[in-house]
Structure formats: structure tokens, C-alpha cells
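Below is run-v6.pdb, which holds PDB, C-alpha atoms and all ligand atoms.
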```pdb
ATOM      1  CA  MET R  19     106.166  69.919 100.854
ATOM      2  CA  SER R  20     105.239  67.022 103.135
ATOM      3  CA  PRO R  21     104.002  63.748 101.561
ATOM      4  CA  GLU R  22     100.661  64.394 103.247
ATOM      5  CA  ALA R  23     100.361  67.835 101.652
ATOM      6  CA  SER R  24     101.322  66.392  98.241
ATOM      7  CA  ARG R  25      98.558  63.794  98.545
ATOM      8  CA  ALA R  26      96.111  66.549  99.459
ATOM      9  CA  VAL R  27      97.192  68.475  96.345
ATOM     10  CA  LEU R  28      96.429  65.440  94.173
ATOM     11  CA  ARG R  29      92.969  65.004  95.702
ATOM     12  CA  ALA R  30      92.275  68.733  95.381
ATOM     13  CA  ALA R  31      93.379  68.843  91.734
ATOM     14  CA  GLN R  32      91.094  65.936  90.895
ATOM     15  CA  LYS R  33      88.066  67.604  92.504
ATOM     16  CA  LEU R  34      88.807  71.143  91.358
ATOM     17  CA  GLY R  35      89.251  69.896  87.805
ATOM     18  CA  GLN R  36      85.553  68.931  87.895
ATOM     19  CA  ALA R  37      84.310  72.199  89.400
ATOM     20  CA  LYS R  38      82.054  74.249  87.149
ATOM     21  CA  ARG R  39      82.420  77.509  88.990
ATOM     22  CA  LEU R  40      85.485  77.898  91.185
ATOM     23  CA  ILE R  41      86.076  80.977  93.308
ATOM     24  CA  ALA R  42      89.071  81.808  95.499
ATOM     25  CA  PHE R  43      89.177  83.536  98.859
ATOM     26  CA  THR R  44      92.507  84.910 100.055
ATOM     27  CA  GLY R  45      93.917  86.463 103.227
ATOM     28  CA  ALA R  46      97.209  87.773 104.572
ATOM     29  CA  GLY R  47      98.934  84.376 104.222
ATOM     30  CA  ILE R  48      99.083  84.663 100.432
ATOM     31  CA  SER R  49     101.172  87.846 100.657
ATOM     32  CA  VAL R  50     103.693  86.706 103.288
ATOM     33  CA  GLU R  51     106.138  85.567 100.601
ATOM     34  CA  SER R  52     105.817  88.986  98.952
ATOM     35  CA  GLY R  53     107.209  90.493 102.139
ATOM     36  CA  ILE R  54     103.968  92.028 103.418
ATOM     37  CA  PRO R  55     104.021  91.864 107.220
ATOM     38  CA  SER R  56     100.907  90.582 108.949
ATOM     39  CA  PHE R  57      98.853  92.763 111.278
ATOM     40  CA  ARG R  58      98.061  90.342 114.044
ATOM     41  CA  GLY R  59     100.291  88.024 116.003
ATOM     42  CA  GLU R  60     103.955  88.003 116.888
ATOM     43  CA  GLY R  61     106.004  90.594 115.002
ATOM     44  CA  GLY R  62     102.809  91.890 113.394
ATOM     45  CA  ILE R  63     102.227  95.525 112.590
ATOM     46  CA  TRP R  64     100.031  96.014 115.655
ATOM     47  CA  THR R  65     102.897  95.126 117.972
ATOM     48  CA  ARG R  66     104.656  98.273 116.708
ATOM     49  CA  TYR R  67     101.808 100.676 115.966
ATOM     50  CA  ASP R  68      98.582 101.698 117.635
ATOM     51  CA  PRO R  69      95.557 100.253 115.772
ATOM     52  CA  ALA R  70      93.662 103.454 116.709
ATOM     53  CA  THR R  71      95.643 105.104 113.877
ATOM     54  CA  LEU R  72      93.164 103.414 111.565
ATOM     55  CA  GLU R  73      89.970 104.397 113.329
ATOM     56  CA  LEU R  74      87.818 106.301 110.882
ATOM     57  CA  GLY R  75      86.606 108.880 113.414
ATOM     58  CA  ARG R  76      90.113 109.697 114.540
ATOM     59  CA  PHE R  77      91.368 110.003 110.960
ATOM     60  CA  LEU R  78      88.517 112.311 109.955
ATOM     61  CA  ARG R  79      89.088 114.546 112.984
ATOM     62  CA  ASP R  80      92.743 115.104 112.077
ATOM     63  CA  PRO R  81      93.909 113.507 108.793
ATOM     64  CA  ALA R  82      97.134 115.519 108.740
ATOM     65  CA  ALA R  83      98.190 113.986 112.074
ATOM     66  CA  ALA R  84      97.351 110.422 111.002
ATOM     67  CA  TRP R  85      98.986 110.445 107.561
ATOM     68  CA  PRO R  86     102.708 110.162 108.477
ATOM     69  CA  THR R  87     102.079 106.913 110.373
ATOM     70  CA  ILE R  88      99.783 105.615 107.633
ATOM     71  CA  ARG R  89     102.430 106.312 105.007
ATOM     72  CA  GLU R  90     105.042 104.538 107.092
ATOM     73  CA  ILE R  91     102.897 101.430 107.665
ATOM     74  CA  PHE R  92     101.248 101.059 104.276
ATOM     75  CA  TYR R  93     103.194 102.893 101.624
ATOM     76  CA  GLU R  94     106.841 102.327 102.452
ATOM     77  CA  TYR R  95     106.749  98.555 102.095
ATOM     78  CA  THR R  96     103.815  97.970  99.748
ATOM     79  CA  SER R  97     105.404 100.116  97.059
ATOM     80  CA  LYS R  98     108.270  97.608  96.969
ATOM     81  CA  ALA R  99     106.202  94.417  97.250
ATOM     82  CA  GLU R 100     105.685  92.247  94.161
ATOM     83  CA  PRO R 101     103.068  89.564  93.520
ATOM     84  CA  ASN R 102     104.347  86.026  94.133
ATOM     85  CA  ASP R 103     103.557  82.777  92.272
ATOM     86  CA  ALA R 104     100.295  82.278  94.180
ATOM     87  CA  HIS R 105      98.970  85.673  93.019
ATOM     88  CA  ARG R 106     100.221  85.063  89.473
ATOM     89  CA  ILE R 107      98.708  81.585  89.166
ATOM     90  CA  LEU R 108      95.287  82.855  90.310
ATOM     91  CA  ALA R 109      95.444  85.627  87.697
ATOM     92  CA  ARG R 110      96.364  83.109  84.983
ATOM     93  CA  TRP R 111      93.558  80.759  86.070
ATOM     94  CA  GLU R 112      91.128  83.625  85.586
ATOM     95  CA  ALA R 113      92.506  84.272  82.086
ATOM     96  CA  GLU R 114      92.237  80.536  81.277
ATOM     97  CA  GLY R 115      88.658  80.359  82.512
ATOM     98  CA  ARG R 116      89.483  78.102  85.476
ATOM     99  CA  LEU R 117      88.704  80.691  88.123
ATOM    100  CA  ALA R 118      85.392  82.554  88.021
ATOM    101  CA  PHE R 119      86.002  85.109  90.764
ATOM    102  CA  LEU R 120      88.447  86.083  93.487
ATOM    103  CA  VAL R 121      87.603  87.631  96.840
ATOM    104  CA  THR R 122      90.493  88.998  98.897
ATOM    105  CA  GLN R 123      90.663  90.378 102.406
ATOM    106  CA  ASN R 124      94.037  91.918 101.618
ATOM    107  CA  ILE R 125      94.530  95.617 101.038
ATOM    108  CA  ASP R 126      97.991  95.277  99.471
ATOM    109  CA  GLY R 127      96.699  95.421  95.876
ATOM    110  CA  LEU R 128      98.911  92.471  94.841
ATOM    111  CA  HIS R 129      96.105  90.545  93.112
ATOM    112  CA  GLU R 130      95.367  93.575  90.962
ATOM    113  CA  ALA R 131      99.093  93.980  90.286
ATOM    114  CA  ALA R 132      99.270  90.307  89.217
ATOM    115  CA  GLY R 133      96.493  90.887  86.686
ATOM    116  CA  SER R 134      93.353  89.598  88.423
ATOM    117  CA  ARG R 135      90.281  91.500  87.205
ATOM    118  CA  ALA R 136      87.302  89.391  88.357
ATOM    119  CA  LEU R 137      88.251  90.570  91.820
ATOM    120  CA  ALA R 138      86.566  91.970  94.909
ATOM    121  CA  GLU R 139      88.841  93.689  97.402
ATOM    122  CA  PHE R 140      86.630  93.192 100.418
ATOM    123  CA  HIS R 141      88.521  95.638 102.604
ATOM    124  CA  GLY R 142      89.521  98.016  99.817
ATOM    125  CA  SER R 143      93.085  98.621  98.663
ATOM    126  CA  CYS R 144      95.956 100.879  99.619
ATOM    127  CA  ARG R 145      96.822 101.279  95.917
ATOM    128  CA  HIS R 146      94.124 103.895  95.589
ATOM    129  CA  LEU R 147      93.306 107.112  97.391
ATOM    130  CA  VAL R 148      89.834 108.603  97.732
ATOM    131  CA  CYS R 149      89.169 112.327  98.164
ATOM    132  CA  LEU R 150      87.192 113.049 101.325
ATOM    133  CA  ASP R 151      85.505 116.034  99.668
ATOM    134  CA  CYS R 152      84.668 115.108  96.065
ATOM    135  CA  GLY R 153      85.075 111.302  96.112
ATOM    136  CA  THR R 154      87.657 111.240  93.291
ATOM    137  CA  ARG R 155      89.658 108.000  93.236
ATOM    138  CA  VAL R 156      93.303 108.072  92.113
ATOM    139  CA  GLU R 157      96.360 105.788  92.102
ATOM    140  CA  ALA R 158      98.478 106.226  95.224
ATOM    141  CA  GLU R 159     101.502 107.535  93.294
ATOM    142  CA  PRO R 160     104.652 108.170  95.390
ATOM    143  CA  ALA R 161     104.651 111.803  94.165
ATOM    144  CA  LEU R 162     101.220 112.330  95.709
ATOM    145  CA  LEU R 163     102.512 111.045  99.045
ATOM    146  CA  ALA R 164     105.657 113.172  99.109
ATOM    147  CA  ASP R 165     103.897 116.017 100.904
ATOM    148  CA  LEU R 166     101.428 115.042 103.592
ATOM    149  CA  PRO R 167      98.525 115.021 103.828
ATOM    150  CA  PRO R 168      98.008 114.147 100.139
ATOM    151  CA  ARG R 169      95.558 116.527  98.486
ATOM    152  CA  CYS R 170      93.120 116.248  95.606
ATOM    153  CA  ARG R 171      92.913 118.843  92.844
ATOM    154  CA  CYS R 172      89.772 120.139  94.548
ATOM    155  CA  GLY R 173      91.823 120.876  97.675
ATOM    156  CA  GLY R 174      90.274 118.020  99.685
ATOM    157  CA  ILE R 175      92.418 115.568 101.634
ATOM    158  CA  PHE R 176      92.834 111.999 100.372
ATOM    159  CA  LYS R 177      92.045 108.970 102.509
ATOM    160  CA  PRO R 178      93.644 105.600 101.700
ATOM    161  CA  GLY R 179      91.271 103.410  99.683
ATOM    162  CA  PHE R 180      91.159 100.660 102.292
ATOM    163  CA  VAL R 181      88.512 100.142 104.945
ATOM    164  CA  PHE R 182      89.251 101.765 108.302
ATOM    165  CA  PHE R 183      88.016 100.493 111.646
ATOM    166  CA  GLY R 184      84.467 101.768 112.005
ATOM    167  CA  GLU R 185      83.952 101.993 108.247
ATOM    168  CA  GLY R 186      81.588  99.817 106.205
ATOM    169  CA  ILE R 187      82.634  97.252 103.596
ATOM    170  CA  PRO R 188      82.596  98.845 100.099
ATOM    171  CA  ARG R 189      79.153  98.042  98.730
ATOM    172  CA  ASN R 190      80.278  96.838  95.297
ATOM    173  CA  ALA R 191      82.863  94.470  96.762
ATOM    174  CA  TYR R 192      80.380  93.164  99.313
ATOM    175  CA  GLU R 193      77.653  92.469  96.780
ATOM    176  CA  ALA R 194      79.994  90.959  94.191
ATOM    177  CA  SER R 195      81.578  88.669  96.812
ATOM    178  CA  PHE R 196      78.329  87.287  98.148
ATOM    179  CA  ALA R 197      76.878  86.893  94.634
ATOM    180  CA  ALA R 198      80.002  84.919  93.641
ATOM    181  CA  ALA R 199      79.724  82.701  96.732
ATOM    182  CA  GLU R 200      76.043  82.005  96.032
ATOM    183  CA  THR R 201      76.806  80.703  92.544
ATOM    184  CA  ALA R 202      80.081  78.818  93.179
ATOM    185  CA  ASP R 203      80.419  75.063  93.481
ATOM    186  CA  ALA R 204      83.987  75.194  94.806
ATOM    187  CA  CYS R 205      86.052  77.623  96.868
ATOM    188  CA  LEU R 206      89.833  77.673  97.223
ATOM    189  CA  VAL R 207      90.836  79.369 100.496
ATOM    190  CA  ILE R 208      94.431  80.612 100.709
ATOM    191  CA  GLY R 209      96.079  82.124 103.776
ATOM    192  CA  SER R 210      92.993  83.321 105.633
ATOM    193  CA  THR R 211      92.572  82.727 109.356
ATOM    194  CA  GLY R 212      88.794  82.668 108.954
ATOM    195  CA  GLU R 213      88.290  85.010 111.877
ATOM    196  CA  VAL R 214      87.351  88.330 110.281
ATOM    197  CA  TYR R 215      83.625  88.670 109.535
ATOM    198  CA  PRO R 216      81.665  89.182 107.358
ATOM    199  CA  ALA R 217      84.453  88.202 104.915
ATOM    200  CA  ALA R 218      84.832  84.768 106.518
ATOM    201  CA  GLU R 219      81.245  83.974 105.496
ATOM    202  CA  ILE R 220      82.303  83.558 101.858
ATOM    203  CA  PRO R 221      83.714  79.982 102.044
ATOM    204  CA  ARG R 222      80.968  79.057 104.519
ATOM    205  CA  ILE R 223      78.274  80.004 101.993
ATOM    206  CA  VAL R 224      79.879  77.779  99.348
ATOM    207  CA  LYS R 225      80.034  74.942 101.874
ATOM    208  CA  ARG R 226      76.399  75.354 102.992
ATOM    209  CA  ARG R 227      75.282  75.157  99.370
ATOM    210  CA  GLY R 228      77.003  71.784  99.061
ATOM    211  CA  GLY R 229      80.165  73.071  97.369
ATOM    212  CA  LEU R 230      83.741  71.922  97.873
ATOM    213  CA  VAL R 231      86.167  73.883 100.036
ATOM    214  CA  VAL R 232      89.920  73.398  99.523
ATOM    215  CA  GLU R 233      92.225  75.228 101.898
ATOM    216  CA  ILE R 234      95.940  76.083 101.685
ATOM    217  CA  ASP R 235      97.671  77.220 104.868
ATOM    218  CA  PRO R 236     100.833  76.269 106.792
ATOM    219  CA  GLU R 237      98.721  75.924 109.960
ATOM    220  CA  PRO R 238      95.106  74.893 110.673
ATOM    221  CA  THR R 239      92.734  77.884 110.753
ATOM    222  CA  GLY R 240      89.184  78.765 111.768
ATOM    223  CA  PHE R 241      88.000  77.044 108.564
ATOM    224  CA  THR R 242      90.019  73.835 108.756
ATOM    225  CA  GLU R 243      87.865  71.771 111.134
ATOM    226  CA  SER R 244      84.400  73.051 110.304
ATOM    227  CA  VAL R 245      84.423  74.115 106.664
ATOM    228  CA  THR R 246      87.398  72.678 104.772
ATOM    229  CA  ASP R 247      87.030  69.440 102.785
ATOM    230  CA  ILE R 248      90.642  69.153 101.652
ATOM    231  CA  PHE R 249      93.400  70.818 103.689
ATOM    232  CA  ILE R 250      96.768  71.386 102.007
ATOM    233  CA  ARG R 251      99.151  72.165 104.838
ATOM    234  CA  ALA R 252     101.785  74.241 103.045
ATOM    235  CA  GLY R 253     102.843  77.742 102.070
ATOM    236  CA  ALA R 254     100.803  79.523  99.410
ATOM    237  CA  SER R 255     103.296  79.675  96.507
ATOM    238  CA  GLU R 256     104.565  76.133  96.835
ATOM    239  CA  ALA R 257     101.074  74.670  97.141
ATOM    240  CA  MET R 258      99.739  76.723  94.238
ATOM    241  CA  ARG R 259     102.627  75.716  91.967
ATOM    242  CA  GLU R 260     101.934  72.021  92.682
ATOM    243  CA  LEU R 261      98.184  72.415  92.386
ATOM    244  CA  ASP R 262      98.603  74.254  89.100
ATOM    245  CA  ARG R 263     100.887  71.548  87.742
ATOM    246  CA  GLU R 264      98.433  68.796  88.691
ATOM    247  CA  LEU R 265      95.400  70.673  87.359
ATOM    248  CA  VAL R 266      97.041  71.420  84.027
ATOM    249  CA  ASN R 267      98.309  67.856  83.596
ATOM    250  CA  GLY R 268      95.176  66.225  84.952
TER     251      GLY R 268
HETATM  252 ZN    ZN H   1      88.565 116.123  95.630
END
```

What does the file become when written as C-alpha cells?
Amino acid sequence: MSPEASRAVLRAAQKLGQAKRLIAFTGAGISVESGIPSFRGEGGIWTRYDPATLELGRFLRDPAAAWPTIREIFYEYTSKAEPNDAHRILARWEAEGRLAFLVTQNIDGLHEAAGSRALAEFHGSCRHLVCLDCGTRVEAEPALLADLPPRCRCGGIFKPGFVFFGEGIPRNAYEASFAAAETADACLVIGSTGEVYPAAEIPRIVKRRGGLVVEIDPEPTGFTESVTDIFIRAGASEAMRELDRELVNG
């Protein structure tokens, strides 16, 4: 980590140690070290697949046609991915009472796998499937995905539990996220570009209410100039390990 980033970690630890109600907001950057490819940008998933695969209308018209591609994109790599130190530290902070709530834009389910429970998955999660007919929600077990399209006991076809293009944000996640932002006095942003709305409102709400925003990212983002108070320019795991060390010692 650069000397500049280390100094930012020290400042952040000092301030976050005084926060009464800290929330975290995470995006794709936190899962890079777990081997989850990003969607946008060079080498991203959308350079290899057609985003229309995830349009809700198209899926509902012909789920059987959409499922093989969906399985390939979302279930062949995520089943192998493991949480990294950044996910694990956030889960431990929750258990220790340091972190009040976690909002993620990611659909990889890695926060849940790491043990986070005070969690809103703003765009849903691929770890669950939802029956289009009866609404039953189940774990996306490999056995269920062996024969496509996956079917519920009722005979209905399952849809992945993440939000498709043209689909609304899950109401519970939406309400819990905004309620958490309205009561937080500090927000730790990790690996989010700050470009996808309404999720990107979360740190902005904390900021508007006079709260502190600390950001971890290897590159400046849509938050860095306008919202972030302390920018730690580093990868998620490395920065979280240092921040954790300073917070615990401080
Ligand atoms: Zn069903």
C-alpha cells in the first residue's frame, strides 16, 4: 500500500472509531479478489455476453432459452468463489457491534457466505432462486441447475433471485437500505463506482445528513470528488486488513 493510502487508513480509523452508527456500502470491487469478474469495462462479462439475456421481459417470454447462458455466466464461477478478507472483516465487525448495517450492490452472495446478517442485497442474489408461479424461494443448489430450466415442486420455472433489467429493486432491501442510511453517521464505501442509481444514493444520504464517508478503491470513482471525505486508494482486502488493525488497536 502506498504511504498516502496508509496515512488515509490512519485518519479513517481515528474517525470511524468515533462513529456511533457505521454502515458499509459495497460494489463489484470488493469481490474482484474472490475471482468474480466485473460486468462493465474491459474484459467484463458484457464484452462476452449480450446484456439483453438479463432483460426481464425476454426472460419471462422464454425462460428455457435464457437459462443456459444465465447458468454459464452466474453459476459456473460463483459456485467456486469464496469470500475474501474484506467480506470476512465486515462480517466480524457486525458481530463485534462495530458495523450497524451493510448494503451491497453485488449479487454474488459473498457477504452472506462470509456471515453478514444485517445485510441488504440491493440487487438481489444469485444464491437463491424464486419460483415464477408460487413465489417459493430456495437455495440455488447445483442439483437444481443440472437440468434446465430449473423447476419448483409446483412445476413452475425458477428465476434467479437477482434483479433483472426492467425489474424493480426488492422492496425489503430498498427500505432497509434507505432506513440505514437515514440513521447512520458514517458510511464506508468499498469498490463501488457510484454510477448505478438508486443504490448510489446511499452514501450521498449519509453525507447530506452531515455524516462521514470513507471510501476504499484502487481508482477514484463517482463518489471520490463529491462525496468522499477520506479516500483510501487501495484494493479492498489490503485496505480492510490495515483499517481493521488500526481500529482494533486504536
Ligand atoms: Zn413454485

Selection as a PyMOL selection string: residues within 12 Å of (96.6, 67.2, 99.8), counting only C-alpha atoms:
chain R and resi 19-33+232-235+246-252+257-258+260-261+264

Pick from R:Glu114, R:Gly75, R:Cys205, R:Asp151: nearest to Val266 in chain R, with all atoms listed in the file counted?
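Looking only at the distances to Val266 in chain R, the closest residue turns out to be R:Glu114.
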
Tell me which of R:Arg263, R:Arg222, R:Lys177, R:Arg169 sits closest to Ala84 in chain R, counting all atoms listed in the file.
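The closest residue to Ala84 in chain R is R:Lys177.
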
Selection: 12 Å around Val50 in chain R, all atoms listed in the file, excl. self and same-chain fewer than 4 positions, as a PDB file with C-alpha atoms, in the coordinates of the input:
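Output file selection-v2.pdb is given in full below:
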```pdb
ATOM      1  CA  THR R  44      92.507  84.910 100.055  1.00  0.00           C
ATOM      2  CA  GLY R  45      93.917  86.463 103.227  1.00  0.00           C
ATOM      3  CA  ALA R  46      97.209  87.773 104.572  1.00  0.00           C
ATOM      4  CA  ILE R  54     103.968  92.028 103.418  1.00  0.00           C
ATOM      5  CA  PRO R  55     104.021  91.864 107.220  1.00  0.00           C
ATOM      6  CA  SER R  56     100.907  90.582 108.949  1.00  0.00           C
ATOM      7  CA  PHE R  57      98.853  92.763 111.278  1.00  0.00           C
ATOM      8  CA  GLY R  62     102.809  91.890 113.394  1.00  0.00           C
ATOM      9  CA  THR R  96     103.815  97.970  99.748  1.00  0.00           C
ATOM     10  CA  ALA R  99     106.202  94.417  97.250  1.00  0.00           C
ATOM     11  CA  GLU R 100     105.685  92.247  94.161  1.00  0.00           C
ATOM     12  CA  PRO R 101     103.068  89.564  93.520  1.00  0.00           C
ATOM     13  CA  ASN R 102     104.347  86.026  94.133  1.00  0.00           C
ATOM     14  CA  ASP R 103     103.557  82.777  92.272  1.00  0.00           C
ATOM     15  CA  ALA R 104     100.295  82.278  94.180  1.00  0.00           C
ATOM     16  CA  HIS R 105      98.970  85.673  93.019  1.00  0.00           C
ATOM     17  CA  ASN R 124      94.037  91.918 101.618  1.00  0.00           C
ATOM     18  CA  ASP R 126      97.991  95.277  99.471  1.00  0.00           C
ATOM     19  CA  LEU R 128      98.911  92.471  94.841  1.00  0.00           C
ATOM     20  CA  ILE R 208      94.431  80.612 100.709  1.00  0.00           C
ATOM     21  CA  GLY R 209      96.079  82.124 103.776  1.00  0.00           C
ATOM     22  CA  SER R 210      92.993  83.321 105.633  1.00  0.00           C
ATOM     23  CA  ASP R 235      97.671  77.220 104.868  1.00  0.00           C
ATOM     24  CA  PRO R 236     100.833  76.269 106.792  1.00  0.00           C
ATOM     25  CA  GLY R 253     102.843  77.742 102.070  1.00  0.00           C
ATOM     26  CA  ALA R 254     100.803  79.523  99.410  1.00  0.00           C
ATOM     27  CA  SER R 255     103.296  79.675  96.507  1.00  0.00           C
TER      28      SER R 255
END
```

When the cut-off is 9 Å and you count all atoms listed in the file, which residues lie near ligand ZN 1 (chain H), shown as a VMD selection string?
chain R and resid 148 to 155 169 to 176

For the selection you just gave me, I'd like the residues written to a file as a compact mmCIF listing (two decimals), in the frame of the given file, keeping C-alpha atoms.
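So out_0.txt came out as:
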```
# COMPACT_ATOMS: atom_id res chain seq x y z
CA VAL R 148 89.83 108.60 97.73
CA CYS R 149 89.17 112.33 98.16
CA LEU R 150 87.19 113.05 101.32
CA ASP R 151 85.50 116.03 99.67
CA CYS R 152 84.67 115.11 96.06
CA GLY R 153 85.08 111.30 96.11
CA THR R 154 87.66 111.24 93.29
CA ARG R 155 89.66 108.00 93.24
CA ARG R 169 95.56 116.53 98.49
CA CYS R 170 93.12 116.25 95.61
CA ARG R 171 92.91 118.84 92.84
CA CYS R 172 89.77 120.14 94.55
CA GLY R 173 91.82 120.88 97.68
CA GLY R 174 90.27 118.02 99.68
CA ILE R 175 92.42 115.57 101.63
CA PHE R 176 92.83 112.00 100.37
```

Have a look at R:Leu40, R:Ala194, R:Thr122, R:Thr65 and name the one nearest to Val224 in chain R; count only C-alpha atoms.
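Looking only at the distances to Val224 in chain R, the closest residue turns out to be R:Leu40.
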
Could you check how far CA of Ala42 in chain R sits from CA of Pro69 in chain R, in Å to one decimal?
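Spanning CA of Ala42 in chain R to CA of Pro69 in chain R is a straight-line distance of 28.2 Å.
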
Please evaluate the PyMOL selection byres (((chain R and resi 187) around 9) and not hetatm) against the displayed coordinates and give the resulting residues as a PyMOL selection string.
chain R and resi 140-142+181+185-186+188-192+216

The residue from R:Gly47, R:Gly184, R:Gly179, R:Pro167 with the smallest atom-to-atom distance to Leu72 in chain R, counting all atoms listed in the file, is R:Gly184

Between R:Gly212, R:Pro238, R:Gly228, R:Gly35, which residue has the minimum interatomic distance to Arg116 in chain R, considering all atoms listed in the file?
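Answer, going by the shortest atom-to-atom distance: R:Gly35.
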
Measure the distance from CA of Leu78 in chain R to CA of Glu159 in chain R in Å and round it to one decimal.
21.7 Å

Quick one: of R:Ala109, R:Ala138, R:Ile63, R:Leu34, who's nearest to Glu193 in chain R, counting all atoms listed in the file?
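Among the listed residues, the smallest separation from Glu193 in chain R belongs to R:Ala138.
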
One decimal, Å: what's the distance from CA of Lys38 in chain R over to CA of Ala202 in chain R, could you say?
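Spanning CA of Lys38 in chain R to CA of Ala202 in chain R is a straight-line distance of 7.8 Å.
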
Please write the residues picked by the PyMOL selection byres (((chain R and resi 156) around 6) and not hetatm) on this file as a PyMOL selection string.
chain R and resi 146-147+155+157

Check which residues satisfy the PyMOL selection byres (((chain R and resi 240) around 8) and not hetatm) in the file shown, then give them as a list in words.
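This file, filtered by the PyMOL selection byres (((chain R and resi 240) around 8) and not hetatm), leaves Thr211, Gly212, Glu213, Pro238, Thr239, Phe241, Thr242, Glu243 and Ser244 of chain R.
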
Could you save the residues just selected, with C-alpha atoms, as a compact mmCIF listing (two decimals), in the coordinates of the input?
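In the end it all went to out-v4.txt:
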```
# COMPACT_ATOMS: atom_id res chain seq x y z
CA THR R 211 92.57 82.73 109.36
CA GLY R 212 88.79 82.67 108.95
CA GLU R 213 88.29 85.01 111.88
CA PRO R 238 95.11 74.89 110.67
CA THR R 239 92.73 77.88 110.75
CA PHE R 241 88.00 77.04 108.56
CA THR R 242 90.02 73.83 108.76
CA GLU R 243 87.86 71.77 111.13
CA SER R 244 84.40 73.05 110.30
```
